[in-house]
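Student: My questions will all concern the structure given below.
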Amino acid sequence: MKPPPFAYHAPRDLVAAVRTLAEVGGKVLAGGQSLIPMLNMRLAAPEHLVDINRVAGLDEIEVTPAGVRVGATARHADVEAAGVHPLLTRALKLVAHPVIRNRGTVVGSLVHADPAAELPAVLALLDGRVRLARWDGDGVAVREVPAADFFVGPMESAVEPDEVAVSAFFPALAPGSGFAFEEVSRRHGDYALAGVCAVVTARSAKVACIGVGPVPVVVELGEAWSDWRAAAAVVRAATDPEGDIHASAAYRGHLVGVLAERALREAAREGAAARGA
């Protein structure tokens with residue numbers, strides 16, 4: 001199928017991008033790996049498309065001791081190759097296929113807010129945030145939205161119609177942390193039936209689950225655990241999976257418990273090795 005007719009805009013700087021969006025509305029195009037199929041299947045029919053790929057600086061990957069800021073047009077493959085954040089790098093290896101990662105963007109995946117996608121879970125687990133820009137009549141106004149408020153429902157983020165997501169910040173892991181990402185999909189590269197990413201320190205553990213709720217399900221385990229099976233039961237109880245043609249709710253609920261135990265054990269081993277314990 002072909003997309004419905006639309007007017008195409010290709011601004012060269014952020015001011016022009018947000019001003020264009022404020023004036024004409026429409027959809028923002030970055031990687032297009034979700035938007036273009038939706039257009040072709042007529043699931044979206046914007047009158048205007050604002051392509052931000054020519055906006056200077058939006059492909060930057062900025063690394064500081066506090067964490068990593070990824071620009072809106074930075075591709076999955078480029079962020080993965082940069083290896084700037086170990087958990088983010090591990091998650092990116094699970095995203096679709098190389099051809100998708102060559103064009104798809106990290107920030108675009110966050111804005112798409114698919115509850116079965118890996119990157120929203122990583123941002124939620126790390127308490128990251130997304131920077132949004134809009135035209136306020138005189139210039140560019142910027143706000144940052146924490147992950148806890150950014151994902152508001154399945155395929156729904158906090159980005160307003162006149163806003164452009166310009167970057168995402170992934171906080172650095174604490175020294176001595178261990179991490180893991182475990183998921184199960186019907187075929188390699190498919191969206192996961194369920195998945196769990198975990199960060200474990202000497203005194204706490206935290207997980208984020210995908211595919212078992214309308215948004216990433218974050219569970220703070222808090223205290224140090226020695227029984228990861230019991231911890232996984234806590235995680236499983238915090239989820240509310242739904243069934244579909246790919247898996248029943250009961251299977252997803254069982255699966256997330258198995259994956260939580262597996263991820264917590266692996267993260268705990270990595271953390272102990274990092275601490276020399």
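Note on naming: chains are A, B, ... as they come in the structure tokens, residues start from 1 per chain, ligands start from 1 in the order shown.
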Taking the DSSP assignment computed from this structure's backbone, write out as a list of chain:residue names all residues of stretch 180-264 of chain A that belong to strand (DSSP E).

Tutor: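 Residues meeting the strand (DSSP E) criterion: A:Ala180, A:Phe181, A:Glu182, A:Glu183, A:Val184, A:Ala194, A:Gly195, A:Val196, A:Cys197, A:Ala198, A:Val199, A:Val200, A:Ala205, A:Lys206, A:Val207, A:Ala208, A:Cys209, A:Ile210, A:Val217, A:Val218, A:Val219, A:Glu220.
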
Student: Can you tell me which residues surround stretch 73-88 of chain A at a distance of at most 9 Å, considering only C-alpha atoms, apart from same-chain residues fewer than 2 positions away, and format the answer as number ranges by chain?

Tutor: A: 30-31, 52-53, 55, 57-63, 67-68, 70-71, 90-93, 95, 98, 100-108, 119, 122-123, 166-167, 170-173, 179-181, 197, 199

Student: Closest to A:Glu270 among A:Phe150, A:Met41, A:Gly176, A:Val24, using only C-alpha atoms?

Tutor: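 Using only C-alpha atoms, the shortest distance to A:Glu270 belongs to A:Gly176.
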
Student: Find, counting only C-alpha atoms, the residue in A:Ala45, A:Val234, A:Ala56, A:Ser34 that gets nearest to A:Pro11.

Tutor: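 Closest to A:Pro11, using only C-alpha atoms: A:Ala56.
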
Student: Please identify all polymer residues within 9 Å of A:Ala44, counting only C-alpha atoms, omitting same-chain residues fewer than 6 positions from it, and present them as a short mmCIF file (atom, residue, chain, number, x, y, z; two decimals) with N, CA and C atoms, in the first residue's frame.

Tutor:
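Once everything was written out, this is selection-v7.cif:
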data_model
loop_
_atom_site.label_atom_id
_atom_site.label_comp_id
_atom_site.auth_asym_id
_atom_site.auth_seq_id
_atom_site.Cartn_x
_atom_site.Cartn_y
_atom_site.Cartn_z
N PRO A 3 1.19 5.46 1.20
CA PRO A 3 0.67 6.36 2.23
C PRO A 3 -0.34 7.34 1.64
N PRO A 4 -1.23 7.90 2.47
CA PRO A 4 -2.13 8.94 2.00
C PRO A 4 -1.34 10.21 1.68
N LEU A 35 6.70 4.86 11.87
CA LEU A 35 5.77 5.77 11.23
C LEU A 35 5.47 5.39 9.77
N MET A 38 3.03 2.59 9.38
CA MET A 38 1.71 3.04 9.78
C MET A 38 1.06 3.88 8.69
#

Student: So how many Å separate atom CA of A:Ser204 and atom CA of A:Pro120, to one decimal?

Tutor: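 Rounded to one decimal, the two atoms are 21.4 Å apart.
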
Student: Enter the distance from atom CA of A:Ala198 to atom CA of A:Gly32, in Å, rounded to one decimal.

Tutor: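 A separation of 29.0 Å between them.
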
Student: If we count only C-alpha atoms, what is near A:Arg275 at a cut-off of 9 Å, once residues fewer than 2 positions away on the same chain are taken out, given as a list in words?

Tutor: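 With the cut-off at 9 Å, the set is Pro175, Gly176, Ser177, Ala202, Glu270, Gly271, Ala272, Ala273 and Ala277 of chain A.
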